[in-house]
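To start, the structure under review is shown below, and the notes come after it.
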Amino acid sequence: MKRIAALLAFVVLLASCNQYKTSPTGLKYKIKSGNGPALKNGQLIKFNVEYKVPPKDSVITTSFDRIPAYMVVDSSRLEKHSFLEIILQCKVGDEVDFMMSVDTLKKLGGIPKEDPNFKVGDMIKGRVQILKAFATQEEAQADYAKEIDLEKAREVKAVQEYASKKGYKTQATPSGALVMVENPGTGAKADSGTVAKVMYKGYLLKNGQEFDSNMKPGGQPLEVGVGGGQVSGISVIKGLDEALRYVGKGGKGRVFIPAMLGYGPKGSPPMIPEYANLGFDFEVIDVAAQPAAPAPAPVVPAPAPKK
């Protein structure tokens, strides 16, 4: 009899642990308690967060295995119907599962009412992991710099594995992009201080999906101010800018770009997702020197006031 009572007590305890609580705005949440200190107002914290949407719980954004998020806990700005609403209930080491109502978020203005990606009646699932709390801003900044370096290393490794699998012979740019020169071209290379006329095709390394190209009938070369901040020509992402410098007029090549040398954690929606490693096929049609910067207009002194 005692064994049965103990078993029933265990089942009740297990069920209670798996139950979701409800916040004042209707957020459903469940905290898996860690062993760290409780979070305090004004603290800088580091955490991972992930959101999934129906019907197949597709991940729309995640920082797990990427650069974690950082924020200051501010009790005066606790966002409604978000895990931030219950953040002061958490401790370092806690994991939180939560569910947000699309209907509620639309009423609160958290989601545009006309957004077709979020349907009436749907629930957005999320999870948070509180990783660390910092004593000072300098400590948090140093930690963030380490996370940036780790992310760059992950991306460089992924790009190297891609090129190796394809059998491409490449050379690394100073920042870590990989360039495969198919034709070095002639004359001076497209270096800083030049304008390069470029034909290109950009695609995602993950699946080969093309996101931009002027290599189509009627496509016109893109005039790139190599090195950025030039008098003429547009600036391009760092990985492509560095790759152009390996060829001259008539040169062709490919470049494989780690995300942090491209569009980084934010991507460039809707075509380029967050943390997307990119590839570009490119051809330099022409290379020319930058035109001289126009002289500044002379300063004309104001006329003296009449007496």
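By convention here, the chains of the structure tokens are called A, B, ... in the order presented, each chain's residues are numbered starting at 1, and ligands are numbered starting at 1 in the order presented.
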
ask   = A:Glu182: which residues within 8 Å, counting only C-alpha atoms, same-chain residues fewer than 4 positions away excluded, as an MDAnalysis selection string?
value = chainID A and resid 251:254

Write a file of the selected residues as a PDB file, in the first residue's frame, keeping C-alpha atoms.
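File written: out.pdb
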```pdb
ATOM      1  CA  GLY A 251      39.314  37.639 -64.770  1.00  0.00           C
ATOM      2  CA  LYS A 252      36.846  35.045 -63.486  1.00  0.00           C
ATOM      3  CA  GLY A 253      36.473  33.219 -60.231  1.00  0.00           C
ATOM      4  CA  ARG A 254      34.336  31.969 -57.406  1.00  0.00           C
TER       5      ARG A 254
END
```

request  = Find the spatial neighbours of A:Tyr20, counting only C-alpha atoms, within a cut-off of 9 Å - ignore same-chain residues fewer than 5 positions away - and output them as a PyMOL selection string.
outcome  = chain A and resi 28-31+97-98

Which residues of stretch 140-255 of chain A have any atom within 6 Å of an atom in stretch 275-286 of chain A when counting only C-alpha atoms, and what is the closest pair of atoms for each, with the distance in Å to one decimal? Order the rows by chain and rising number and write it as JSON lines.
```
{"residue": "A:Ala196", "atom": "CA", "partner": "A:Asp286", "partner_atom": "CA", "distance": 5.8}
{"residue": "A:Lys197", "atom": "CA", "partner": "A:Asp286", "partner_atom": "CA", "distance": 5.2}
{"residue": "A:Val198", "atom": "CA", "partner": "A:Val284", "partner_atom": "CA", "distance": 4.6}
{"residue": "A:Met199", "atom": "CA", "partner": "A:Glu283", "partner_atom": "CA", "distance": 5.2}
{"residue": "A:Tyr200", "atom": "CA", "partner": "A:Phe282", "partner_atom": "CA", "distance": 4.3}
{"residue": "A:Lys201", "atom": "CA", "partner": "A:Asp281", "partner_atom": "CA", "distance": 5.2}
{"residue": "A:Gly202", "atom": "CA", "partner": "A:Phe280", "partner_atom": "CA", "distance": 4.4}
{"residue": "A:Tyr203", "atom": "CA", "partner": "A:Gly279", "partner_atom": "CA", "distance": 5.3}
{"residue": "A:Leu204", "atom": "CA", "partner": "A:Leu278", "partner_atom": "CA", "distance": 4.8}
{"residue": "A:Leu205", "atom": "CA", "partner": "A:Leu278", "partner_atom": "CA", "distance": 5.3}
{"residue": "A:Lys249", "atom": "CA", "partner": "A:Asp286", "partner_atom": "CA", "distance": 4.7}
{"residue": "A:Gly250", "atom": "CA", "partner": "A:Ile285", "partner_atom": "CA", "distance": 5.2}
{"residue": "A:Gly251", "atom": "CA", "partner": "A:Val284", "partner_atom": "CA", "distance": 5.4}
{"residue": "A:Lys252", "atom": "CA", "partner": "A:Glu283", "partner_atom": "CA", "distance": 4.3}
{"residue": "A:Gly253", "atom": "CA", "partner": "A:Phe282", "partner_atom": "CA", "distance": 5.6}
{"residue": "A:Arg254", "atom": "CA", "partner": "A:Asp281", "partner_atom": "CA", "distance": 4.5}
{"residue": "A:Val255", "atom": "CA", "partner": "A:Phe280", "partner_atom": "CA", "distance": 5.3}
```

Atoms kept (C-alpha atoms) for selection, written as an mmCIF file, in the first residue's frame:
```
data_model
loop_
_atom_site.group_PDB
_atom_site.id
_atom_site.type_symbol
_atom_site.label_atom_id
_atom_site.label_comp_id
_atom_site.auth_asym_id
_atom_site.auth_seq_id
_atom_site.Cartn_x
_atom_site.Cartn_y
_atom_site.Cartn_z
ATOM 1 C CA ALA A 196 35.640 47.195 -61.112
ATOM 2 C CA LYS A 197 32.817 46.407 -63.507
ATOM 3 C CA VAL A 198 31.525 43.060 -62.318
ATOM 4 C CA MET A 199 29.138 40.370 -63.531
ATOM 5 C CA TYR A 200 28.060 38.102 -60.697
ATOM 6 C CA LYS A 201 25.723 35.396 -59.459
ATOM 7 C CA GLY A 202 25.119 34.958 -55.733
ATOM 8 C CA TYR A 203 23.743 31.815 -54.094
ATOM 9 C CA LEU A 204 23.354 30.134 -50.718
ATOM 10 C CA LEU A 205 25.964 27.459 -50.021
ATOM 11 C CA LYS A 249 40.302 42.748 -66.393
ATOM 12 C CA GLY A 250 38.694 39.657 -67.920
ATOM 13 C CA GLY A 251 39.314 37.639 -64.770
ATOM 14 C CA LYS A 252 36.846 35.045 -63.486
ATOM 15 C CA GLY A 253 36.473 33.219 -60.231
ATOM 16 C CA ARG A 254 34.336 31.969 -57.406
ATOM 17 C CA VAL A 255 34.297 33.004 -53.778
#
```

request  = as a ChimeraX atom specification, please: all residues of stretch 76-207 of chain A that backbone DSSP puts in strand (DSSP E).
outcome  = /A:95-101,123-134,171-172,178-183,186-189,194-204

With C-alpha atoms retained, export the selected residues as a JSON list (two decimals), in the first residue's frame.
```json
[["chain", "number", "residue", "atom", "x", "y", "z"],
["A", 95, "GLU", "CA", 15.63, 26.71, -19.23],
["A", 96, "VAL", "CA", 12.21, 28.06, -20.15],
["A", 97, "ASP", "CA", 9.71, 26.58, -22.58],
["A", 98, "PHE", "CA", 6.95, 28.99, -23.59],
["A", 99, "MET", "CA", 4.04, 29.41, -26.01],
["A", 100, "MET", "CA", 2.76, 32.71, -27.41],
["A", 101, "SER", "CA", -0.66, 33.21, -28.96],
["A", 123, "MET", "CA", 0.73, 29.25, -31.14],
["A", 124, "ILE", "CA", 4.41, 30.20, -31.48],
["A", 125, "LYS", "CA", 6.64, 27.89, -29.46],
["A", 126, "GLY", "CA", 9.86, 29.08, -27.90],
["A", 127, "ARG", "CA", 12.64, 28.11, -25.57],
["A", 128, "VAL", "CA", 15.20, 30.11, -23.62],
["A", 129, "GLN", "CA", 18.37, 29.12, -21.82],
["A", 130, "ILE", "CA", 19.87, 31.59, -19.33],
["A", 131, "LEU", "CA", 23.61, 31.16, -19.71],
["A", 132, "LYS", "CA", 25.32, 33.80, -17.60],
["A", 133, "ALA", "CA", 24.97, 37.08, -15.69],
["A", 134, "PHE", "CA", 27.75, 39.69, -15.75],
["A", 171, "GLN", "CA", 43.13, 30.40, -51.42],
["A", 172, "ALA", "CA", 42.03, 32.28, -48.33],
["A", 178, "LEU", "CA", 37.93, 31.28, -50.01],
["A", 179, "VAL", "CA", 38.68, 32.31, -53.60],
["A", 180, "MET", "CA", 38.99, 29.99, -56.58],
["A", 181, "VAL", "CA", 40.61, 31.87, -59.48],
["A", 182, "GLU", "CA", 39.49, 30.39, -62.81],
["A", 183, "ASN", "CA", 41.10, 33.09, -64.95],
["A", 186, "THR", "CA", 45.15, 40.79, -67.54],
["A", 187, "GLY", "CA", 46.61, 44.05, -66.38],
["A", 188, "ALA", "CA", 46.29, 45.63, -62.97],
["A", 189, "LYS", "CA", 44.15, 43.79, -60.45],
["A", 194, "THR", "CA", 39.85, 51.13, -58.46],
["A", 195, "VAL", "CA", 36.37, 50.72, -59.88],
["A", 196, "ALA", "CA", 35.64, 47.19, -61.11],
["A", 197, "LYS", "CA", 32.82, 46.41, -63.51],
["A", 198, "VAL", "CA", 31.52, 43.06, -62.32],
["A", 199, "MET", "CA", 29.14, 40.37, -63.53],
["A", 200, "TYR", "CA", 28.06, 38.10, -60.70],
["A", 201, "LYS", "CA", 25.72, 35.40, -59.46],
["A", 202, "GLY", "CA", 25.12, 34.96, -55.73],
["A", 203, "TYR", "CA", 23.74, 31.81, -54.09],
["A", 204, "LEU", "CA", 23.35, 30.13, -50.72]]
```

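Proximity to A:Ala190 at 6 Å, evaluated using only C-alpha atoms and with sequence-adjacent residues fewer than 4 positions away removed, yields Leu244, Arg245, Gly248 and Val287 of chain A.
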
Print the selection's residues with C-alpha atoms to a file, as a compact mmCIF listing (two decimals), in the first residue's frame.
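Result file follows (again35.txt):
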```
# COMPACT_ATOMS: atom_id res chain seq x y z
CA LEU A 244 37.74 40.85 -56.56
CA ARG A 245 41.33 41.80 -55.74
CA GLY A 248 42.28 41.77 -63.30
CA VAL A 287 39.15 47.78 -64.02
```

As a compact mmCIF listing (two decimals) with N, CA and C atoms, in the first residue's frame, please: all residues of stretch 47-158 of chain A that backbone DSSP puts in alpha helix (DSSP H).
```txt
# COMPACT_ATOMS: atom_id res chain seq x y z
N VAL A 102 -0.63 33.84 -31.30
CA VAL A 102 -0.56 34.78 -32.42
C VAL A 102 -1.65 35.83 -32.29
N ASP A 103 -2.84 35.41 -31.88
CA ASP A 103 -3.96 36.35 -31.74
C ASP A 103 -3.61 37.45 -30.73
N THR A 104 -3.04 37.06 -29.59
CA THR A 104 -2.68 38.03 -28.55
C THR A 104 -1.58 38.96 -29.04
N LEU A 105 -0.58 38.40 -29.71
CA LEU A 105 0.51 39.23 -30.22
C LEU A 105 0.02 40.26 -31.22
N LYS A 106 -0.95 39.86 -32.06
CA LYS A 106 -1.50 40.81 -33.03
C LYS A 106 -2.29 41.91 -32.33
N LYS A 107 -3.01 41.56 -31.28
CA LYS A 107 -3.76 42.57 -30.52
C LYS A 107 -2.82 43.56 -29.85
N LEU A 108 -1.68 43.06 -29.38
CA LEU A 108 -0.71 43.91 -28.69
C LEU A 108 0.21 44.67 -29.64
N GLN A 137 29.78 45.77 -17.60
CA GLN A 137 29.60 45.84 -19.05
C GLN A 137 30.86 45.37 -19.77
N GLU A 138 32.02 45.70 -19.21
CA GLU A 138 33.29 45.28 -19.82
C GLU A 138 33.41 43.76 -19.87
N GLU A 139 32.94 43.09 -18.82
CA GLU A 139 32.96 41.63 -18.79
C GLU A 139 32.05 41.05 -19.87
N ALA A 140 30.89 41.67 -20.06
CA ALA A 140 29.96 41.21 -21.09
C ALA A 140 30.54 41.44 -22.49
N GLN A 141 31.18 42.57 -22.70
CA GLN A 141 31.76 42.88 -24.01
C GLN A 141 32.88 41.90 -24.36
N ALA A 142 33.69 41.55 -23.37
CA ALA A 142 34.77 40.58 -23.60
C ALA A 142 34.19 39.22 -23.94
N ASP A 143 33.12 38.84 -23.26
CA ASP A 143 32.46 37.56 -23.54
C ASP A 143 31.87 37.55 -24.94
N TYR A 144 31.25 38.66 -25.34
CA TYR A 144 30.65 38.77 -26.67
C TYR A 144 31.73 38.66 -27.77
N ALA A 145 32.88 39.29 -27.54
CA ALA A 145 33.98 39.21 -28.51
C ALA A 145 34.43 37.76 -28.70
N LYS A 146 34.47 36.99 -27.62
CA LYS A 146 34.84 35.57 -27.72
C LYS A 146 33.80 34.80 -28.53
N GLU A 147 32.53 35.12 -28.34
CA GLU A 147 31.47 34.44 -29.09
C GLU A 147 31.55 34.77 -30.58
N ILE A 148 31.90 36.00 -30.91
CA ILE A 148 32.09 36.39 -32.31
C ILE A 148 33.19 35.56 -32.94
N ASP A 149 34.31 35.41 -32.24
CA ASP A 149 35.44 34.62 -32.75
C ASP A 149 35.03 33.15 -32.96
N LEU A 150 34.26 32.60 -32.02
CA LEU A 150 33.81 31.21 -32.15
C LEU A 150 32.90 31.05 -33.36
N GLU A 151 32.02 32.02 -33.58
CA GLU A 151 31.11 31.94 -34.73
C GLU A 151 31.90 32.02 -36.04
N LYS A 152 32.85 32.93 -36.10
CA LYS A 152 33.69 33.04 -37.31
C LYS A 152 34.41 31.73 -37.60
N ALA A 153 34.94 31.10 -36.56
CA ALA A 153 35.66 29.83 -36.72
C ALA A 153 34.72 28.73 -37.24
N ARG A 154 33.48 28.69 -36.72
CA ARG A 154 32.50 27.69 -37.19
C ARG A 154 32.20 27.89 -38.67
N GLU A 155 32.03 29.14 -39.06
CA GLU A 155 31.68 29.44 -40.45
C GLU A 155 32.84 29.14 -41.40
N VAL A 156 34.05 29.54 -41.01
CA VAL A 156 35.22 29.27 -41.85
C VAL A 156 35.39 27.76 -42.05
N LYS A 157 35.19 26.99 -40.99
CA LYS A 157 35.29 25.54 -41.09
C LYS A 157 34.24 24.99 -42.05
N ALA A 158 33.01 25.50 -41.97
CA ALA A 158 31.93 25.03 -42.84
C ALA A 158 32.22 25.36 -44.30
```

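Contact shell of A:Gly225 at 10 Å (only C-alpha atoms; same-chain neighbours under 3 positions omitted): A:Ala190, A:Asp191, A:Ser192, A:Gly193, A:Thr194, A:Val195, A:Ala196, A:Lys197, A:Leu222, A:Gly228, A:Gly229, A:Gln230, A:Val231, A:Ser232, A:Gly233, A:Ile234, A:Ser235, A:Val236, A:Asp241, A:Ala288, A:Ala289, A:Gln290.
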
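In this model, the gap between atom CA of A:Asp74 and atom CA of A:Asp94 comes to 18.3 Å.
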
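Take atom CA of A:Lys21 and atom CA of A:Ile87: the distance between them is 13.6 Å.
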
ask   = Hey, which of A:Gly109, A:Pro291, A:Pro265, A:Gly34 ends up closest to A:Gly93? Count only C-alpha atoms.
value = A:Gly34

note = In Å and to one decimal, atom CA of A:Asn41 is distant from atom CA of A:Pro68 by 19.9 Å

message = Measuring between only C-alpha atoms, which one of A:Asn48, A:Ser33, A:Thr22, A:Gln43 shows the shortest distance to A:Val73?
response = A:Gln43

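You can rank A:Lys169, A:Ser58, A:Pro221, A:Pro184 by their closest distance to A:Val247 using only C-alpha atoms, and at the top of that list sits A:Pro184.
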
key: Shortest interatomic distance to A:Gly176 - which of A:Phe256, A:Phe118, A:Tyr70, A:Tyr51, counting only C-alpha atoms   = A:Phe256

inquiry  = Would you pick out the contacts of A:Ser75 at 10 Å or less, using only C-alpha atoms, so that residues sharing its chain but fewer than 2 positions from it are not included, and give the list as a ChimeraX atom specification?
reply    = /A:40-42,72-73,77-79,84-88
